[in-house]
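**Student:** Below is the file target-v4.csv, which contains CSV, C-alpha atoms.
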chain,number,residue,atom,x,y,z
A,1,MET,CA,40.2,33.6,125.6
A,2,GLU,CA,42.1,36.4,123.9
A,3,LEU,CA,41.5,39.1,126.5
A,4,LEU,CA,42.8,36.9,129.3
A,5,LYS,CA,45.9,35.9,127.3
A,6,GLN,CA,46.6,39.5,126.6
A,7,LYS,CA,46.3,40.4,130.3
A,8,ILE,CA,48.6,37.5,131.2
A,9,ARG,CA,51.1,38.7,128.6
A,10,GLU,CA,51.0,42.3,129.8
A,11,ASN,CA,50.6,41.9,133.6
A,12,GLY,CA,51.6,38.4,134.5
A,13,VAL,CA,54.9,37.9,136.3
A,14,PHE,CA,56.9,34.8,135.3
A,15,ILE,CA,59.4,33.3,137.7
A,16,GLY,CA,61.7,30.6,136.3
A,17,THR,CA,60.0,28.1,134.2
A,18,ASP,CA,57.0,27.3,136.2
A,19,ILE,CA,55.6,30.2,138.3
A,20,VAL,CA,53.0,32.6,137.0
A,21,LYS,CA,51.8,35.4,139.2
A,22,VAL,CA,48.6,37.2,138.2
A,23,ASP,CA,48.3,39.3,141.4
A,24,MET,CA,47.8,42.4,139.2
A,25,PHE,CA,44.3,41.4,137.9
A,26,LEU,CA,43.2,38.2,139.6
A,27,ASN,CA,44.8,37.1,142.8
A,28,HIS,CA,45.3,40.3,144.8
A,29,MET,CA,43.9,43.1,142.7
A,30,ILE,CA,40.9,42.1,140.7
A,31,ASP,CA,40.1,43.6,137.3
A,32,ILE,CA,36.3,43.3,137.5
A,33,ARG,CA,35.7,44.0,133.8
A,34,LEU,CA,38.0,41.2,132.8
A,35,LEU,CA,36.2,38.9,135.3
A,36,GLU,CA,32.9,39.8,133.8
A,37,GLU,CA,34.1,38.8,130.4
A,38,MET,CA,35.5,35.5,131.9
A,39,GLY,CA,32.1,34.9,133.5
A,40,LYS,CA,30.5,35.3,130.0
A,41,GLU,CA,33.0,33.0,128.4
A,42,PHE,CA,32.3,30.3,130.9
A,43,LYS,CA,28.6,30.7,130.1
A,44,ARG,CA,29.4,30.3,126.4
A,45,LEU,CA,31.6,27.2,127.0
A,46,PHE,CA,29.0,25.4,129.2
A,47,ASN,CA,25.9,26.9,127.7
A,48,ASP,CA,24.3,23.5,126.9
A,49,ILE,CA,24.2,22.3,130.5
A,50,ASN,CA,21.6,23.2,133.1
A,51,ILE,CA,23.6,23.6,136.3
A,52,THR,CA,22.2,24.3,139.8
A,53,LYS,CA,25.3,25.5,141.6
A,54,ILE,CA,28.8,26.7,141.0
A,55,LEU,CA,31.4,25.1,143.4
A,56,THR,CA,34.7,26.7,144.1
A,57,VAL,CA,37.2,26.9,146.9
A,58,GLU,CA,38.4,30.0,148.8
A,59,VAL,CA,40.2,32.3,148.2
A,60,SER,CA,40.9,33.2,144.6
A,61,GLY,CA,38.2,31.1,143.1
A,62,ILE,CA,35.4,33.1,144.7
A,63,ALA,CA,35.5,36.2,142.5
A,64,ILE,CA,35.6,34.3,139.2
A,65,ALA,CA,32.9,31.9,140.5
A,66,CYS,CA,30.6,34.9,141.3
A,67,MET,CA,31.0,36.4,137.9
A,68,ALA,CA,30.2,33.1,136.3
A,69,ALA,CA,27.2,32.6,138.7
A,70,ARG,CA,25.7,35.9,137.5
A,71,GLU,CA,25.6,34.5,134.0
A,72,PHE,CA,24.2,31.2,135.0
A,73,GLY,CA,21.8,32.6,137.6
A,74,VAL,CA,22.8,30.1,140.2
A,75,PRO,CA,24.3,30.3,143.7
A,76,VAL,CA,28.0,29.8,144.4
A,77,VAL,CA,29.2,27.4,147.1
A,78,PHE,CA,32.8,27.9,148.2
A,79,ALA,CA,34.6,25.2,150.1
A,80,LYS,CA,36.3,26.5,153.3
A,81,LYS,CA,39.9,25.9,154.0
A,82,SER,CA,40.1,26.1,157.7
A,83,GLU,CA,38.1,24.8,160.6
A,84,ALA,CA,36.3,28.0,161.5
A,85,LYS,CA,34.5,28.2,164.8
A,86,ASN,CA,31.3,29.2,163.0
A,87,LEU,CA,31.4,26.3,160.5
A,88,SER,CA,28.9,23.5,160.9
A,89,SER,CA,30.3,20.2,162.0
A,90,ASP,CA,28.1,18.4,159.5
A,91,THR,CA,30.4,18.8,156.5
A,92,TYR,CA,31.9,17.0,153.6
A,93,CYS,CA,35.6,17.1,153.9
A,94,SER,CA,38.6,16.4,151.7
A,95,GLU,CA,42.3,16.8,152.0
A,96,VAL,CA,44.4,18.8,149.5
A,97,TYR,CA,48.1,18.9,149.2
A,98,SER,CA,49.4,22.3,148.2
A,99,PHE,CA,52.7,22.3,146.3
A,100,THR,CA,52.9,26.1,146.6
A,101,LYS,CA,52.7,26.0,150.4
A,102,ASN,CA,54.2,22.5,150.8
A,103,LYS,CA,51.5,21.4,153.2
A,104,THR,CA,48.2,19.5,153.3
A,105,TYR,CA,45.0,21.3,154.3
A,106,LYS,CA,41.4,20.4,154.6
A,107,ILE,CA,38.6,21.8,152.6
A,108,ARG,CA,35.0,21.5,153.7
A,109,VAL,CA,31.4,22.1,152.5
A,110,ALA,CA,28.4,22.0,154.8
A,111,LYS,CA,26.2,19.0,153.7
A,112,GLU,CA,23.1,21.2,153.5
A,113,TYR,CA,24.6,23.2,150.6
A,114,LEU,CA,25.4,20.3,148.2
A,115,THR,CA,23.0,17.5,147.6
A,116,GLU,CA,22.4,14.6,145.2
A,117,ASN,CA,19.9,16.9,143.3
A,118,ASP,CA,22.7,19.3,142.4
A,119,LYS,CA,24.4,19.5,139.0
A,120,ILE,CA,27.5,21.5,139.5
A,121,LEU,CA,30.0,23.4,137.6
A,122,ILE,CA,33.4,23.6,139.4
A,123,ILE,CA,35.3,26.9,138.8
A,124,ASP,CA,38.8,27.7,139.9
A,125,ASP,CA,41.5,30.2,139.1
A,126,PHE,CA,44.5,28.0,138.5
A,127,LEU,CA,45.0,24.4,137.5
A,128,ALA,CA,48.5,23.0,137.9
A,129,ASN,CA,48.7,19.6,139.6
A,130,GLY,CA,45.0,19.4,140.1
A,131,LYS,CA,45.0,18.7,143.8
A,132,ALA,CA,42.5,21.4,144.7
A,133,LEU,CA,40.2,20.2,141.9
A,134,MET,CA,40.5,16.6,143.1
A,135,GLY,CA,39.4,17.7,146.5
A,136,LEU,CA,36.4,19.6,145.1
A,137,MET,CA,35.5,16.6,143.0
A,138,ASP,CA,35.8,14.3,146.0
A,139,ILE,CA,33.4,16.5,147.9
A,140,ALA,CA,30.9,16.6,145.0
A,141,ASN,CA,31.1,12.8,144.9
A,142,GLN,CA,30.5,12.5,148.6
A,143,ALA,CA,27.4,14.6,148.2
A,144,LYS,CA,26.4,12.5,145.1
A,145,ALA,CA,26.1,15.7,143.2
A,146,GLU,CA,26.7,15.5,139.4
A,147,ILE,CA,29.8,17.2,138.1
A,148,ALA,CA,28.6,18.7,134.9
A,149,GLY,CA,31.9,20.4,134.1
A,150,ILE,CA,35.0,22.2,135.3
A,151,GLY,CA,36.0,25.7,134.2
A,152,ILE,CA,39.5,27.0,134.9
A,153,ALA,CA,40.9,30.5,134.3
A,154,ILE,CA,44.5,29.6,133.8
A,155,GLU,CA,45.8,26.1,133.2
A,156,LYS,CA,49.5,25.3,133.5
A,157,GLY,CA,49.6,22.9,130.6
A,158,PHE,CA,53.1,21.7,131.5
A,159,GLN,CA,51.9,20.3,134.8
A,160,PRO,CA,49.8,17.1,134.9
A,161,GLY,CA,46.5,18.1,136.4
A,162,GLY,CA,44.7,19.0,133.2
A,163,GLN,CA,45.6,15.7,131.5
A,164,THR,CA,44.8,13.6,134.5
A,165,ILE,CA,41.3,15.1,134.9
A,166,ARG,CA,40.5,15.0,131.1
A,167,ASP,CA,41.5,11.4,131.1
A,168,MET,CA,38.8,10.8,133.7
A,169,GLY,CA,36.3,11.8,131.2
A,170,ILE,CA,35.5,15.1,132.9
A,171,ASN,CA,34.4,18.1,130.7
A,172,LEU,CA,37.2,20.4,131.7
A,173,LYS,CA,37.7,23.7,129.9
A,174,SER,CA,40.3,26.4,130.5
A,175,LEU,CA,40.2,30.0,129.3
A,176,ALA,CA,44.0,30.0,128.8
A,177,VAL,CA,46.5,27.2,128.8
A,178,ILE,CA,50.1,28.0,129.3
A,179,ASP,CA,52.2,25.3,127.7
A,180,SER,CA,55.5,26.6,128.8
A,181,ILE,CA,57.3,29.7,130.1
A,182,GLU,CA,60.2,30.7,127.9
A,183,ASN,CA,62.4,33.8,128.5
A,184,GLY,CA,60.0,35.2,131.0
A,185,GLN,CA,57.0,34.9,128.6
A,186,ALA,CA,54.1,32.6,128.5
A,187,VAL,CA,53.7,30.3,125.5
A,188,PHE,CA,50.0,29.6,125.1
A,189,ARG,CA,48.3,26.5,123.7
A,190,SER,CA,46.0,27.1,120.7
A,191,LEU,CA,42.5,26.2,121.9
B,1,MET,CA,18.2,47.4,152.8
B,2,GLU,CA,14.9,45.5,153.0
B,3,LEU,CA,15.9,42.6,150.8
B,4,LEU,CA,18.9,41.9,152.9
B,5,LYS,CA,17.0,42.2,156.2
B,6,GLN,CA,14.4,39.8,154.8
B,7,LYS,CA,17.2,37.3,153.9
B,8,ILE,CA,18.6,37.6,157.4
B,9,ARG,CA,15.2,37.0,159.0
B,10,GLU,CA,14.5,34.0,156.8
B,11,ASN,CA,17.9,32.3,156.5
B,12,GLY,CA,20.1,33.7,159.3
B,13,VAL,CA,20.9,31.5,162.2
B,14,PHE,CA,21.1,33.1,165.6
B,15,ILE,CA,23.0,31.6,168.4
B,16,GLY,CA,22.6,33.1,171.9
B,17,THR,CA,22.5,36.9,172.0
B,18,ASP,CA,25.5,37.7,169.8
B,19,ILE,CA,26.2,35.2,167.0
B,20,VAL,CA,24.6,35.6,163.5
B,21,LYS,CA,25.4,33.1,160.9
B,22,VAL,CA,24.6,33.9,157.3
B,23,ASP,CA,26.3,30.9,155.6
B,24,MET,CA,23.1,30.3,153.6
B,25,PHE,CA,23.5,33.3,151.4
B,26,LEU,CA,26.8,35.1,152.1
B,27,ASN,CA,29.5,33.3,154.0
B,28,HIS,CA,29.5,29.8,152.5
B,29,MET,CA,26.8,29.7,149.8
B,30,ILE,CA,26.4,33.0,148.0
B,31,ASP,CA,23.1,34.2,146.7
B,32,ILE,CA,24.4,36.1,143.7
B,33,ARG,CA,21.2,38.0,142.9
B,34,LEU,CA,21.1,39.3,146.5
B,35,LEU,CA,24.8,40.4,146.2
B,36,GLU,CA,24.0,42.2,142.9
B,37,GLU,CA,21.4,44.2,144.7
B,38,MET,CA,23.8,44.9,147.5
B,39,GLY,CA,26.3,46.1,145.0
B,40,LYS,CA,23.7,48.5,143.6
B,41,GLU,CA,22.8,49.7,147.0
B,42,PHE,CA,26.4,50.5,147.8
B,43,LYS,CA,26.6,52.5,144.6
B,44,ARG,CA,23.4,54.4,145.6
B,45,LEU,CA,24.8,55.1,149.1
B,46,PHE,CA,28.2,56.3,147.9
B,47,ASN,CA,27.1,57.7,144.5
B,48,ASP,CA,28.5,61.2,145.1
B,49,ILE,CA,32.1,60.2,145.5
B,50,ASN,CA,34.6,59.3,142.8
B,51,ILE,CA,36.5,56.3,144.1
B,52,THR,CA,39.4,54.6,142.3
B,53,LYS,CA,39.4,51.2,144.1
B,54,ILE,CA,37.5,49.1,146.5
B,55,LEU,CA,39.5,47.6,149.4
B,56,THR,CA,38.4,44.5,151.3
B,57,VAL,CA,40.0,41.6,153.1
B,58,GLU,CA,39.7,37.9,152.3
B,59,VAL,CA,37.6,35.8,152.4
B,60,SER,CA,34.0,36.8,152.8
B,61,GLY,CA,34.5,40.4,151.7
B,62,ILE,CA,35.6,39.5,148.2
B,63,ALA,CA,32.2,38.5,146.7
B,64,ILE,CA,30.4,41.7,147.9
B,65,ALA,CA,33.4,43.9,147.0
B,66,CYS,CA,33.3,42.4,143.4
B,67,MET,CA,29.6,43.1,143.0
B,68,ALA,CA,30.0,46.7,144.3
B,69,ALA,CA,33.1,47.1,142.0
B,70,ARG,CA,30.9,46.2,139.0
B,71,GLU,CA,28.7,49.2,139.8
B,72,PHE,CA,31.5,51.6,140.4
B,73,GLY,CA,33.6,50.3,137.5
B,74,VAL,CA,36.8,50.1,139.6
B,75,PRO,CA,39.2,47.3,140.6
B,76,VAL,CA,39.0,45.4,143.9
B,77,VAL,CA,42.1,45.0,146.1
B,78,PHE,CA,41.8,42.4,148.8
B,79,ALA,CA,44.1,42.2,151.7
B,80,LYS,CA,45.7,38.8,152.2
B,81,LYS,CA,45.6,37.1,155.6
B,82,SER,CA,48.5,34.7,155.3
B,83,GLU,CA,52.1,35.0,154.3
B,84,ALA,CA,51.8,33.1,151.1
B,85,LYS,CA,54.9,32.2,149.3
B,86,ASN,CA,53.8,34.0,146.1
B,87,LEU,CA,53.1,37.3,147.9
B,88,SER,CA,55.5,40.2,147.4
B,89,SER,CA,57.6,41.1,150.4
B,90,ASP,CA,57.0,44.8,149.6
B,91,THR,CA,53.7,45.1,151.4
B,92,TYR,CA,51.7,47.2,153.8
B,93,CYS,CA,50.9,45.1,156.8
B,94,SER,CA,48.6,45.5,159.8
B,95,GLU,CA,47.6,43.2,162.7
B,96,VAL,CA,44.1,42.2,163.4
B,97,TYR,CA,42.7,40.5,166.4
B,98,SER,CA,39.8,38.1,165.7
B,99,PHE,CA,37.3,37.6,168.5
B,100,THR,CA,35.7,34.7,166.6
B,101,LYS,CA,39.0,32.8,166.3
B,102,ASN,CA,40.6,34.3,169.5
B,103,LYS,CA,43.9,35.0,167.7
B,104,THR,CA,45.8,37.8,166.0
B,105,TYR,CA,46.6,37.5,162.3
B,106,LYS,CA,48.3,39.8,159.8
B,107,ILE,CA,46.7,41.3,156.8
B,108,ARG,CA,48.8,42.6,153.9
B,109,VAL,CA,48.5,44.6,150.7
B,110,ALA,CA,51.3,44.8,148.1
B,111,LYS,CA,52.4,48.4,148.0
B,112,GLU,CA,52.0,48.6,144.2
B,113,TYR,CA,48.2,48.2,144.4
B,114,LEU,CA,47.4,51.0,146.8
B,115,THR,CA,48.9,54.5,146.5
B,116,GLU,CA,48.5,58.1,147.6
B,117,ASN,CA,46.5,58.7,144.4
B,118,ASP,CA,43.8,56.3,145.4
B,119,LYS,CA,40.5,57.3,146.9
B,120,ILE,CA,39.1,54.1,148.3
B,121,LEU,CA,35.8,52.6,149.4
B,122,ILE,CA,36.3,49.9,152.0
B,123,ILE,CA,33.8,47.0,151.8
B,124,ASP,CA,33.3,44.1,154.2
B,125,ASP,CA,30.6,41.6,155.1
B,126,PHE,CA,30.4,42.1,158.9
B,127,LEU,CA,31.2,44.8,161.4
B,128,ALA,CA,31.3,43.8,165.0
B,129,ASN,CA,34.2,45.1,167.0
B,130,GLY,CA,35.8,46.7,164.0
B,131,LYS,CA,39.2,45.1,164.2
B,132,ALA,CA,39.4,44.0,160.6
B,133,LEU,CA,38.2,47.5,159.4
B,134,MET,CA,40.8,49.2,161.6
B,135,GLY,CA,43.5,47.0,160.0
B,136,LEU,CA,42.2,48.0,156.5
B,137,MET,CA,42.1,51.6,157.5
B,138,ASP,CA,45.7,51.3,158.9
B,139,ILE,CA,46.9,49.9,155.6
B,140,ALA,CA,45.1,52.6,153.6
B,141,ASN,CA,46.7,55.2,155.9
B,142,GLN,CA,50.2,53.7,155.4
B,143,ALA,CA,49.6,54.0,151.6
B,144,LYS,CA,48.4,57.6,152.1
B,145,ALA,CA,45.3,56.6,150.2
B,146,GLU,CA,42.1,58.6,151.0
B,147,ILE,CA,39.4,56.6,152.7
B,148,ALA,CA,36.2,58.0,151.0
B,149,GLY,CA,33.9,55.7,152.9
B,150,ILE,CA,33.2,52.3,154.4
B,151,GLY,CA,30.3,50.1,153.3
B,152,ILE,CA,29.3,47.1,155.4
B,153,ALA,CA,26.7,44.4,154.7
B,154,ILE,CA,25.7,43.5,158.3
B,155,GLU,CA,26.6,45.6,161.3
B,156,LYS,CA,26.1,44.2,164.8
B,157,GLY,CA,24.9,47.4,166.4
B,158,PHE,CA,25.3,46.0,169.9
B,159,GLN,CA,29.0,45.7,169.5
B,160,PRO,CA,31.2,48.8,169.6
B,161,GLY,CA,32.9,48.9,166.1
B,162,GLY,CA,30.3,51.0,164.3
B,163,GLN,CA,30.2,53.7,166.9
B,164,THR,CA,34.0,53.8,167.2
B,165,ILE,CA,34.5,54.3,163.5
B,166,ARG,CA,31.7,56.8,163.1
B,167,ASP,CA,33.2,58.8,166.0
B,168,MET,CA,36.4,59.1,163.9
B,169,GLY,CA,34.4,61.0,161.3
B,170,ILE,CA,34.4,58.2,158.8
B,171,ASN,CA,31.5,57.9,156.3
B,172,LEU,CA,30.4,54.5,157.4
B,173,LYS,CA,27.2,53.0,156.0
B,174,SER,CA,25.7,49.5,156.7
B,175,LEU,CA,23.0,47.8,154.7
B,176,ALA,CA,21.5,46.2,157.8
B,177,VAL,CA,22.2,47.0,161.4
B,178,ILE,CA,21.2,44.4,164.0
B,179,ASP,CA,20.6,46.1,167.3
B,180,SER,CA,20.0,43.0,169.3
B,181,ILE,CA,19.1,39.3,169.0
B,182,GLU,CA,16.0,38.4,171.0
B,183,ASN,CA,14.4,35.0,171.1
B,184,GLY,CA,16.4,33.8,168.1
B,185,GLN,CA,15.4,36.7,166.0
B,186,ALA,CA,17.2,39.8,164.8
B,187,VAL,CA,16.0,43.2,165.9
B,188,PHE,CA,17.0,45.7,163.2
B,189,ARG,CA,17.8,49.4,163.6
B,190,SER,CA,15.7,51.8,161.5
B,191,LEU,CA,18.0,53.4,159.0
Can the structure from this file be put into C-alpha cells for me?

**Tutor:**
Amino acid sequence: MELLKQKIRENGVFIGTDIVKVDMFLNHMIDIRLLEEMGKEFKRLFNDINITKILTVEVSGIAIACMAAREFGVPVVFAKKSEAKNLSSDTYCSEVYSFTKNKTYKIRVAKEYLTENDKILIIDDFLANGKALMGLMDIANQAKAEIAGIGIAIEKGFQPGGQTIRDMGINLKSLAVIDSIENGQAVFRSL
Amino acid sequence: MELLKQKIRENGVFIGTDIVKVDMFLNHMIDIRLLEEMGKEFKRLFNDINITKILTVEVSGIAIACMAAREFGVPVVFAKKSEAKNLSSDTYCSEVYSFTKNKTYKIRVAKEYLTENDKILIIDDFLANGKALMGLMDIANQAKAEIAGIGIAIEKGFQPGGQTIRDMGINLKSLAVIDSIENGQAVFRSL
C-alpha cells in the first residue's frame, strides 16, 4: 500500500537494523485518514470472504481493526492483555512472549464473544516473530472459529513470523513488508 | 444519546449498585456502527469549536476517539499506560489512581505530539471518579495545550468525577449519564 509505505518513509523512526517506530501515525498518535485508507485496503484484499468478526489484541491493533470493521460492517473483538477485575472468568486464554518487553503475558477473550459460528479476520499493527498472532490463532482455534485470513499493517520481512504463518496455509496479507533496514531507511518488498 | 442508552439497557451488565459492564459493545467487543453514531454525536455536541487533536488514554478510549476523529478530521493522541521500551523518554507524565484495579499507574504522552498550539478535545469511555481525566488534563496543561472540551460515552452520575470537572468550568458532555443502578437496571439522567 503506497500511502502507508510513504508514511513509513517520511515519519518512521529506524533504530539499528531491526527496530521501526511508527508512533507518529499509528502507535501513539493516530493519523485517522491513513487508517481509513488502510481499512479500505483490507476490505479490498479480503473482499471475497464473508467474515463475521474482526479479532485483534490491545492496544495498537484496536484502531486499525475498527477502521477495517467499518468497511466490513462487523464487530471488533479485542483480546485483553491483563487480568482485569471486570473481565469474565469464562475466557479463552493464550500465552504470548513479547521480544520487545522480554516477558510472557496472557491474552484473553470472553467465550461468549467468539464461537464456532464465527468466521474471523485477524488484524494487527505489526508482524515480526508472530507470537501475538499465534496467540490470537490459538484463541480462535479454542473457540472453533474459522480463521478466514490475517491482515497486518507492517510486516518485518526479515523476522520469521510471516514465513511461519504463510507456511501453515493461512491467508496472510500485509499492507507493507519491510525486508531490511539500511542506513536508517526501510527497504520494502514489492507486493 | 438514545441509541447508546438503549444499548446499555439491552446489553449492559449491572453488578450491585455501582458496576456497569459494557463488554458486549464497547470494552471487549466493539459495535462499530454504534461507535460511528457516537462519533457523529460528539461532532454535533462540540461542533462550534475548532480542535486540532483528540486526546484519550489506552485502552478503551481509543476506538471511540478514532470514530470521533473521523468526524472532526483530526489525529488522535492516546496516552500510554506503561513504560514501554519503545516509548520516548521525552514525555509528559501524570499519575492516575484506578479504583477498579486499586493501584496507581502512570500515563504518558510524548512531548512532540502535544504542544501549546493544540486545542484538544479529550474523549474517554467512562467517567466515574474522574482520575483518568484529571491525568489527561494534567498532561494537556503541562503541554500548555488548550482543553476545548471533554466528551464521555458513559458517565456514572452517582460518582463525583462529573461534578468536580464541571465545577472547574470545563465544557464536559456525556452521551449517557447513569444516575443510579436500581434492581439491575440503569436509571438515566435526562439530558

**Student:** Which residue gives the smallest distance to A:Val57 among A:Ile150, A:Ala132, A:Ile8, A:Val13, with all atoms listed in the file counted?

**Tutor:**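 Once distances to A:Val57 are computed over all atoms listed in the file, the minimum belongs to A:Ala132.
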
**Student:** What's around A:Ala186 at 9 Å? Count all atoms listed in the file, leave out sequence neighbours fewer than 4 positions away in its own chain, and write the answer as a list in words.

**Tutor:**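 Contacts, in chain order: Lys5, Ile8, Arg9, Gly12, Phe14, Val20, Ile178, Asp179, Ser180, Ile181 and Glu182 of chain A.
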
**Student:** Which residue, A:Ser174, A:Thr56, A:Asn102, A:Gln6, has the smallest gap to A:Lys81 when you use all atoms listed in the file?

**Tutor:**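 With all atoms listed in the file as the atom set, the closest residue is A:Thr56.
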
**Student:** Give as a PyMOL selection string every residue of chain B that touches chain A within 7 Å, counting only C-alpha atoms.

**Tutor:** chain B and resi 28-32+58-59+62-63+66+69-70+75-78+85+100-101+113

**Student:** Of the residues B:Lys131, B:Lys40, B:Lys7, B:Lys111, which is the one nearest to B:Gln159, using only C-alpha atoms?

**Tutor:** B:Lys131

**Student:** To one decimal in Å, tell me the separation between atom CA of B:Asn47 and atom CA of B:Ser94.

**Tutor:**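 Atom CA of B:Ser94 lies at a distance of 29.1 Å from atom CA of B:Asn47.
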
**Student:** In Å, how far is it from atom CA of B:Phe42 to atom CA of B:Asp167?

**Tutor:**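 Going from atom CA of B:Phe42 over to atom CA of B:Asp167, I get 21.1 Å.
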
**Student:** So the first atom is atom CA of A:Gly162 and the second is atom CA of A:Gly184; what is the distance between them in Å, to one decimal place?

**Tutor:**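 Going from atom CA of A:Gly162 over to atom CA of A:Gly184 covers 22.4 Å.
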